[in-house]
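**Q** Pasting structure_20.txt here (compact mmCIF, C-alpha atoms):
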# COMPACT_ATOMS: atom_id res chain seq x y z
CA MET A 1 3.27 -2.41 -17.27
CA PHE A 2 2.17 -3.23 -13.75
CA GLU A 3 -1.52 -3.69 -13.19
CA ARG A 4 -2.89 -1.12 -10.80
CA ILE A 5 -4.85 -3.79 -8.95
CA LYS A 6 -4.58 -7.52 -9.40
CA ASN A 7 -7.05 -8.53 -6.74
CA LEU A 8 -7.23 -12.31 -6.53
CA LEU A 9 -9.64 -12.99 -3.70
CA GLN A 10 -8.80 -15.73 -1.25
CA PRO A 11 -11.33 -17.35 1.12
CA THR A 12 -11.39 -16.00 4.66
CA ILE A 13 -13.13 -16.96 7.85
CA PRO A 14 -15.75 -14.32 8.69
CA LYS A 15 -15.24 -12.48 11.94
CA SER A 16 -18.38 -11.56 13.81
CA LYS A 17 -18.88 -8.09 15.22
CA SER A 18 -18.99 -9.59 18.71
CA GLN A 19 -15.32 -10.48 18.29
CA ILE A 20 -14.37 -6.93 17.32
CA GLY A 21 -13.49 -4.29 19.89
CA SER A 22 -14.73 -0.72 20.00
CA ASP A 23 -11.39 0.80 19.07
CA GLY A 24 -9.34 0.69 15.90
CA PHE A 25 -7.34 2.69 13.40
CA VAL A 26 -7.94 5.64 11.11
CA PHE A 27 -5.46 6.81 8.45
CA VAL A 28 -5.76 10.53 7.75
CA THR A 29 -4.28 12.36 4.76
CA GLU A 30 -4.30 16.03 3.82
CA THR A 31 -7.37 15.42 1.67
CA GLU A 32 -9.49 14.24 4.60
CA ALA A 33 -12.36 16.25 6.05
CA ILE A 34 -11.32 19.41 7.85
CA ALA A 35 -12.39 17.87 11.19
CA TRP A 36 -9.34 15.58 11.04
CA GLN A 37 -6.78 18.19 10.02
CA GLY A 38 -4.43 18.98 12.89
CA VAL A 39 -6.36 16.76 15.30
CA SER A 40 -4.39 15.78 18.41
CA VAL A 41 -4.50 12.99 20.98
CA GLY A 42 -7.47 13.45 23.29
CA ALA A 43 -9.58 15.24 20.71
CA THR A 44 -13.06 14.10 19.74
CA VAL A 45 -13.96 14.03 16.06
CA ARG A 46 -17.67 14.08 15.32
CA ASN A 47 -19.51 14.14 12.02
CA ALA A 48 -21.81 17.05 11.37
CA ASN A 49 -24.69 14.57 11.01
CA ALA A 50 -25.40 10.86 11.38
CA GLY A 51 -25.20 10.15 7.66
CA PRO A 52 -22.27 9.37 5.36
CA PRO A 53 -19.43 9.89 4.88
CA TRP A 54 -18.87 8.06 8.16
CA ILE A 55 -15.68 7.65 10.16
CA VAL A 56 -14.36 4.25 9.08
CA VAL A 57 -12.61 2.61 12.03
CA ASN A 58 -10.53 -0.38 10.96
CA HIS A 59 -9.98 -3.12 13.54
CA SER A 60 -6.56 -4.23 12.30
CA LEU A 61 -3.64 -2.44 10.67
CA ALA A 62 -3.86 -4.77 7.67
CA ALA A 63 -7.43 -3.64 7.07
CA VAL A 64 -6.51 0.05 6.75
CA LEU A 65 -6.84 1.18 3.14
CA VAL A 66 -3.90 3.41 2.20
CA SER A 67 -4.53 5.03 -1.18
CA ARG A 68 -2.53 8.22 -0.60
CA TRP A 69 0.73 9.13 1.07
CA PRO A 70 1.85 10.70 3.37
CA GLY A 71 -0.62 10.65 6.22
CA ARG A 72 -1.18 10.14 9.93
CA LEU A 73 -2.11 6.86 11.60
CA LEU A 74 -4.42 7.31 14.59
CA ARG A 75 -5.77 4.82 17.07
CA VAL A 76 -9.27 5.84 18.06
CA ALA A 77 -12.04 4.73 20.39
CA ILE A 78 -15.54 4.72 18.97
CA LEU A 79 -17.87 7.02 20.87
CA GLU A 80 -20.94 6.63 18.67
CA LYS A 81 -21.57 4.05 15.97
CA ALA A 82 -23.48 4.82 12.81
CA LYS A 83 -26.89 3.22 12.46
CA GLU A 84 -25.94 1.67 9.13
CA GLN A 85 -23.14 -0.89 9.45
CA PRO A 86 -21.36 -3.18 6.97
CA LEU A 87 -21.86 -6.94 6.91
CA PRO A 88 -21.21 -8.62 10.28
CA TYR A 89 -17.87 -10.12 9.23
CA ALA A 90 -16.40 -6.82 7.98
CA ASN A 91 -13.24 -5.78 9.79
CA TYR A 92 -14.32 -2.19 10.25
CA THR A 93 -17.04 -0.19 11.94
CA ARG A 94 -18.76 2.95 10.72
CA ALA A 95 -18.73 5.62 13.40
CA VAL A 96 -20.27 9.05 13.82
CA ALA A 97 -17.91 10.11 16.60
CA ALA A 98 -14.51 8.91 17.78
CA LEU A 99 -11.91 9.83 20.39
CA VAL A 100 -8.26 10.03 19.29
CA VAL A 101 -6.38 7.81 21.73
CA GLU A 102 -2.90 7.62 20.24
CA GLU A 103 -0.88 8.59 17.17
CA LEU A 104 1.23 5.79 15.73
CA PRO A 105 4.01 5.90 13.12
CA ALA A 106 2.33 5.72 9.72
CA ARG A 107 5.11 3.42 8.55
CA SER A 108 3.54 0.73 10.76
CA LEU A 109 1.06 0.16 7.94
CA PHE A 110 3.81 -1.44 5.84
CA GLY A 111 5.03 -3.98 8.35
CA GLU A 112 8.27 -4.57 10.22
CA HIS A 113 10.41 -2.74 7.66
CA GLY A 114 7.99 0.11 7.09
CA ALA A 115 10.51 2.83 7.92
CA THR A 116 12.52 1.95 4.83
CA LEU A 117 9.42 1.84 2.66
CA ALA A 118 8.37 5.26 3.93
CA VAL A 119 11.75 6.62 2.76
CA ILE A 120 11.14 5.21 -0.73
CA LEU A 121 7.62 6.62 -0.89
CA ASP A 122 8.71 10.03 0.37
CA ARG A 123 11.43 10.18 -2.31
CA ILE A 124 9.01 9.71 -5.20
CA SER A 125 7.64 13.25 -4.96
CA THR A 126 11.08 14.67 -5.86
CA LEU A 127 11.98 12.17 -8.58
CA THR A 128 13.41 13.87 -11.67
CA LEU A 129 13.34 12.86 -15.31
CA ALA A 130 17.07 12.16 -15.19
CA GLU A 131 16.60 9.87 -12.19
CA ALA A 132 13.73 8.06 -13.91
CA LEU A 133 15.98 7.47 -16.90
CA ALA A 134 18.80 6.21 -14.68
CA LEU A 135 16.53 3.90 -12.68
CA SER A 136 15.18 2.40 -15.90
CA ALA A 137 18.67 1.87 -17.28
CA ALA A 138 19.79 0.12 -14.07
CA LEU A 139 17.08 -2.55 -14.15
CA GLN A 140 18.52 -6.06 -14.07
CA PRO A 141 17.43 -8.89 -16.44
CA LEU A 142 16.25 -11.23 -13.69
CA SER A 143 14.29 -8.63 -11.73
CA GLN A 144 10.82 -9.54 -13.01
CA ALA A 145 11.26 -13.22 -12.26
CA ILE A 146 12.62 -12.51 -8.76
CA TYR A 147 9.74 -10.13 -8.01
CA SER A 148 7.33 -12.90 -9.05
CA THR A 149 9.20 -15.35 -6.82
CA ALA A 150 8.75 -13.05 -3.82
CA TRP A 151 5.00 -13.01 -4.43
CA LYS A 152 4.87 -16.79 -4.74
CA ASN A 153 6.86 -17.25 -1.54
CA TRP A 154 4.47 -14.93 0.28
CA LEU A 155 1.44 -16.82 -1.03
CA ALA A 156 2.99 -20.12 0.03
CA SER A 157 3.40 -18.77 3.56
CA THR A 158 -0.07 -17.21 3.83
CA ASP A 159 -2.29 -19.57 1.85
CA ARG A 160 -0.76 -22.85 0.71
CA ASN A 161 -3.99 -23.77 -1.04
CA SER A 162 -4.03 -20.61 -3.16
CA ASP A 163 -5.00 -21.06 -6.79
CA CYS A 164 -2.47 -18.35 -7.63
CA LEU A 165 0.68 -20.17 -6.53
CA ASP A 166 1.56 -21.28 -10.06
CA ASP A 167 0.65 -17.99 -11.74
CA ASN A 168 3.14 -15.47 -13.03
CA GLN A 169 3.14 -12.49 -10.64
CA GLU A 170 5.54 -10.20 -12.53
CA ASP A 171 2.89 -7.47 -12.87
CA THR A 172 1.11 -7.89 -9.55
CA LEU A 173 0.44 -5.10 -7.07
CA GLN A 174 -2.18 -6.71 -4.86
CA ILE A 175 -3.43 -10.18 -4.04
CA ARG A 176 -5.97 -10.16 -1.25
CA VAL A 177 -5.53 -12.86 1.37
CA GLY A 178 -7.87 -12.09 4.24
CA ASN A 179 -7.22 -8.48 5.19
CA GLU A 180 -3.74 -8.45 3.67
CA VAL A 181 -3.07 -7.31 0.12
CA SER A 182 0.69 -7.84 -0.24
CA PRO A 183 3.81 -8.63 1.79
CA VAL A 184 4.20 -4.87 2.36
CA GLY A 185 0.63 -3.69 2.76
CA TYR A 186 -0.43 -1.07 0.23
CA ALA A 187 3.15 0.10 -0.41
CA LEU A 188 3.32 -1.41 -3.90
CA SER A 189 0.07 0.18 -5.03
CA LEU A 190 1.26 3.49 -3.60
CA VAL A 191 4.52 3.28 -5.53
CA SER A 192 2.59 2.70 -8.75
CA SER A 193 0.13 5.56 -8.27
CA MET A 194 2.71 8.01 -6.92
CA VAL A 195 5.17 7.48 -9.79
CA LEU A 196 2.26 7.95 -12.20
CA ASN A 197 1.46 11.29 -10.58
CA GLN A 198 5.11 12.36 -10.49
CA GLY A 199 5.64 11.37 -14.12
CA ARG A 200 2.68 13.46 -15.21
CA ALA A 201 3.86 16.38 -13.09
CA VAL A 202 7.36 16.30 -14.59
CA SER A 203 6.77 15.17 -18.18
CA GLY A 204 3.18 16.16 -18.75
CA PRO A 205 1.18 14.30 -21.42
CA ALA A 206 4.33 12.56 -22.67
CA ALA A 207 4.42 10.48 -19.47
CA ILE A 208 1.31 8.49 -20.33
CA ALA A 209 -0.59 6.77 -23.11
CA ILE A 210 -4.15 5.45 -23.24
CA ASP A 211 -4.44 1.79 -24.26
CA VAL A 212 -7.24 0.23 -26.34
CA GLU A 213 -9.30 -0.41 -23.20
CA GLY A 214 -9.03 3.22 -22.11
CA GLU A 215 -6.56 2.51 -19.32
CA VAL A 216 -3.76 4.94 -18.52
CA GLU A 217 -0.29 3.48 -19.04
CA LEU A 218 2.98 5.07 -18.00
CA GLN A 219 5.56 5.47 -20.73
CA ALA A 220 9.34 5.21 -20.59
CA PRO A 221 11.26 6.18 -18.60
CA TRP A 222 8.57 6.45 -15.90
CA SER A 223 7.35 2.90 -16.45
CA GLY A 224 10.88 1.64 -15.83
CA ALA A 225 11.22 3.85 -12.76
CA THR A 226 7.99 2.33 -11.42
CA SER A 227 9.43 -1.16 -11.84
CA ALA A 228 12.70 -0.19 -10.14
CA LEU A 229 10.93 1.29 -7.12
CA LEU A 230 8.48 -1.62 -6.85
CA TYR A 231 11.41 -4.02 -6.81
CA ALA A 232 13.15 -1.95 -4.15
CA ALA A 233 10.00 -1.84 -2.04
CA MET A 234 9.62 -5.62 -2.22
CA ALA A 235 13.30 -6.29 -1.43
CA TYR A 236 13.56 -3.85 1.47
CA GLY A 237 10.07 -4.42 2.83
CA ALA A 238 9.97 -8.23 2.72
CA PRO A 239 13.58 -9.45 2.92
CA GLY A 240 12.56 -12.81 4.32
CA LEU A 241 10.94 -13.79 1.02
CA LEU A 242 14.21 -13.64 -0.94
CA THR A 243 17.80 -14.79 -0.76
CA LEU A 244 20.45 -12.12 -0.26
CA GLN A 245 21.46 -12.49 -3.89
CA GLN A 246 17.89 -12.10 -5.13
CA ALA A 247 17.31 -9.06 -2.93
CA ALA A 248 20.52 -7.46 -4.23
CA VAL A 249 19.21 -7.73 -7.81
CA LEU A 250 15.95 -5.98 -6.90
CA LYS A 251 17.74 -3.27 -4.89
CA PHE A 252 20.35 -2.50 -7.55
CA PRO A 253 18.64 0.42 -9.34
CA TRP A 254 17.72 2.15 -6.09
CA GLU A 255 21.14 1.68 -4.53
CA THR A 256 23.03 2.82 -7.60
CA VAL A 257 20.84 5.80 -8.54
CA ILE A 258 19.21 7.04 -5.34
CA ARG A 259 21.49 5.33 -2.78
CA ALA A 260 20.39 2.91 -0.08
CA PRO A 261 17.63 4.39 2.11
CA THR A 262 18.28 5.18 5.72
CA GLY A 263 16.52 3.25 8.43
CA PRO A 264 16.31 -0.46 9.19
CA CYS A 265 16.50 -2.88 6.27
Could you render the structure as structure tokens?
**A**
Amino acid sequence: MFERIKNLLQPTIPKSKSQIGSDGFVFVTETEAIAWQGVSVGATVRNANAGPPWIVVNHSLAAVLVSRWPGRLLRVAILEKAKEQPLPYANYTRAVAALVVEELPARSLFGEHGATLAVILDRISTLTLAEALALSAALQPLSQAIYSTAWKNWLASTDRNSDCLDDNQEDTLQIRVGNEVSPVGYALSLVSSMVLNQGRAVSGPAAIAIDVEGEVELQAPWSGATSALLYAAMAYGAPGLLTLQQAAVLKFPWETVIRAPTGPC
């Protein structure tokens, strides 16, 4: 079973607030405050008061926390900062008011191949029990090892001194290196949480079990479907980390059961 978060912190160089601009990014989902719902370019969003919850303006795309999908990615200019701010090296600013400058494709949060990853994420909400069974059955024997290899190749390219380079990454969803958490942003964590939700919606209590530590674990076939979609997300979203043959192994369940996603690969 994939760990929800395997957060292995890597050292980063602090960035002072003086190096950070007054604009940044906000990711808005349907669960956000009503002030953000239906907001358009040119609109001003202002909190009802100066206290929390503040508008969190991230100063890089990699810093944007994406815990739900779908959503809208907005570039904003800070009009008024909150009095209480995070530590000076944090890559975000708390704001009380912000101007919406531009709407960007939300897929940008997942990198160069984000369009394909958005297709995979969008498909999860319609996944059936029969498809979960088929995805599980189509998993290939070498998939776990190849998935781990992709992680190791990414670590080698982002932090050659990482203590995690020799670790097994077969169950990894996140490894924080600076502001980055994976080769494909938060896409892997989204796959895991979204299949969990879909499994519970389709199969009810039978989709999960509670382990000895009180953690929720997906059961077959939803656990296998999670693996299949994580492998597809890694192969489509970070093709440069794998050989063509390795990528084909990871893509196999998706391409045989759901068919290859549209968009750039």
**Q** My list of candidates is A:Val257, A:Ala138, A:Ala206, A:Leu155. Which is closest to Val181 in chain A when distances are computed with all atoms listed in the file?
**A**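 Result for the nearest residue to Val181 in chain A: A:Leu155.
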**Q** Tell me, as a list of chain:residue names, which residues lie within 8 Å of Asn179 in chain A, counting all atoms listed in the file; anything in the same chain fewer than 2 positions away does not count.
**A**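 Once the adjacent positions are removed, what remains is A:Ala62, A:Ala63, A:Arg176, A:Val177, A:Val181.
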**Q** Hey, which of A:Ala207, A:Leu73, A:Val119, A:Leu135 ends up closest to Tyr236 in chain A? Count all atoms listed in the file.
**A** A:Val119
**Q** I need the residue nearest Glu102 in chain A from this list: A:Leu61, A:Leu244, A:Leu133, A:Val26. Use all atoms listed in the file for the distance.
**A**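 Answer, going by the shortest atom-to-atom distance: A:Val26.
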**Q** Taking 3 positions as the minimum chain separation for residues in the same chain, which residues sit within 7 Å of Ala50 in chain A when counting only C-alpha atoms? Answer as a short mmCIF file (atom, residue, chain, number, x, y, z; two decimals) with C-alpha atoms, in the frame of the given file.
**A**
data_model
loop_
_atom_site.label_atom_id
_atom_site.label_comp_id
_atom_site.auth_asym_id
_atom_site.auth_seq_id
_atom_site.Cartn_x
_atom_site.Cartn_y
_atom_site.Cartn_z
CA ASN A 47 -19.51 14.14 12.02
CA ALA A 82 -23.48 4.82 12.81
CA VAL A 96 -20.27 9.05 13.82
#
**Q** Just want the 7 Å neighbourhood of Ala97 in chain A, counted on only C-alpha atoms, with same-chain residues fewer than 4 positions away dropped. Output as a ChimeraX atom specification.
**A** /A:45-47,78-80
**Q** Those residues with C-alpha atoms, as an mmCIF file, in the coordinates of the input please?
**A**
data_model
loop_
_atom_site.group_PDB
_atom_site.id
_atom_site.type_symbol
_atom_site.label_atom_id
_atom_site.label_comp_id
_atom_site.auth_asym_id
_atom_site.auth_seq_id
_atom_site.Cartn_x
_atom_site.Cartn_y
_atom_site.Cartn_z
ATOM 1 C CA VAL A 45 -13.960 14.030 16.060
ATOM 2 C CA ARG A 46 -17.670 14.080 15.320
ATOM 3 C CA ASN A 47 -19.510 14.140 12.020
ATOM 4 C CA ILE A 78 -15.540 4.720 18.970
ATOM 5 C CA LEU A 79 -17.870 7.020 20.870
ATOM 6 C CA GLU A 80 -20.940 6.630 18.670
#
**Q** Mind listing as a PyMOL selection string all residues within 10 Å of (0.9, 4.2, 8.6), counting all atoms listed in the file?
**A** chain A and resi 25-28+61+64-66+69-74+103-111+114-115+118+185-186
**Q** The selected residues should be written to file as an mmCIF file, in the frame of the given file (atoms: C-alpha atoms).
**A**
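Generated output (result.cif):
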data_model
loop_
_atom_site.group_PDB
_atom_site.id
_atom_site.type_symbol
_atom_site.label_atom_id
_atom_site.label_comp_id
_atom_site.auth_asym_id
_atom_site.auth_seq_id
_atom_site.Cartn_x
_atom_site.Cartn_y
_atom_site.Cartn_z
ATOM 1 C CA PHE A 25 -7.340 2.690 13.400
ATOM 2 C CA VAL A 26 -7.940 5.640 11.110
ATOM 3 C CA PHE A 27 -5.460 6.810 8.450
ATOM 4 C CA VAL A 28 -5.760 10.530 7.750
ATOM 5 C CA LEU A 61 -3.640 -2.440 10.670
ATOM 6 C CA VAL A 64 -6.510 0.050 6.750
ATOM 7 C CA LEU A 65 -6.840 1.180 3.140
ATOM 8 C CA VAL A 66 -3.900 3.410 2.200
ATOM 9 C CA TRP A 69 0.730 9.130 1.070
ATOM 10 C CA PRO A 70 1.850 10.700 3.370
ATOM 11 C CA GLY A 71 -0.620 10.650 6.220
ATOM 12 C CA ARG A 72 -1.180 10.140 9.930
ATOM 13 C CA LEU A 73 -2.110 6.860 11.600
ATOM 14 C CA LEU A 74 -4.420 7.310 14.590
ATOM 15 C CA GLU A 103 -0.880 8.590 17.170
ATOM 16 C CA LEU A 104 1.230 5.790 15.730
ATOM 17 C CA PRO A 105 4.010 5.900 13.120
ATOM 18 C CA ALA A 106 2.330 5.720 9.720
ATOM 19 C CA ARG A 107 5.110 3.420 8.550
ATOM 20 C CA SER A 108 3.540 0.730 10.760
ATOM 21 C CA LEU A 109 1.060 0.160 7.940
ATOM 22 C CA PHE A 110 3.810 -1.440 5.840
ATOM 23 C CA GLY A 111 5.030 -3.980 8.350
ATOM 24 C CA GLY A 114 7.990 0.110 7.090
ATOM 25 C CA ALA A 115 10.510 2.830 7.920
ATOM 26 C CA ALA A 118 8.370 5.260 3.930
ATOM 27 C CA GLY A 185 0.630 -3.690 2.760
ATOM 28 C CA TYR A 186 -0.430 -1.070 0.230
#
**Q** Quick one: of A:Gly214, A:Gly199, A:Gly42, A:Pro86, who's nearest to Ala130 in chain A, counting all atoms listed in the file?
**A**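 Closest to Ala130 in chain A of all the choices is A:Gly199.
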**Q** Need the shell around Met194 in chain A: protein/DNA/RNA residues with any atom at most 10 Å away, counting all atoms listed in the file. Skip same-chain ones fewer than 6 positions apart. Format as a list in words?
**A**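 The neighbour list is Ser67, Arg68, Trp69, Leu121, Asp122, Ile124, Ser125, Leu188, Arg200 and Thr226 of chain A.
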**Q** Of the residues A:Leu87, A:Ile208, A:Leu242, A:Ala98, which is the one nearest to Val57 in chain A, using all atoms listed in the file?
**A** A:Ala98
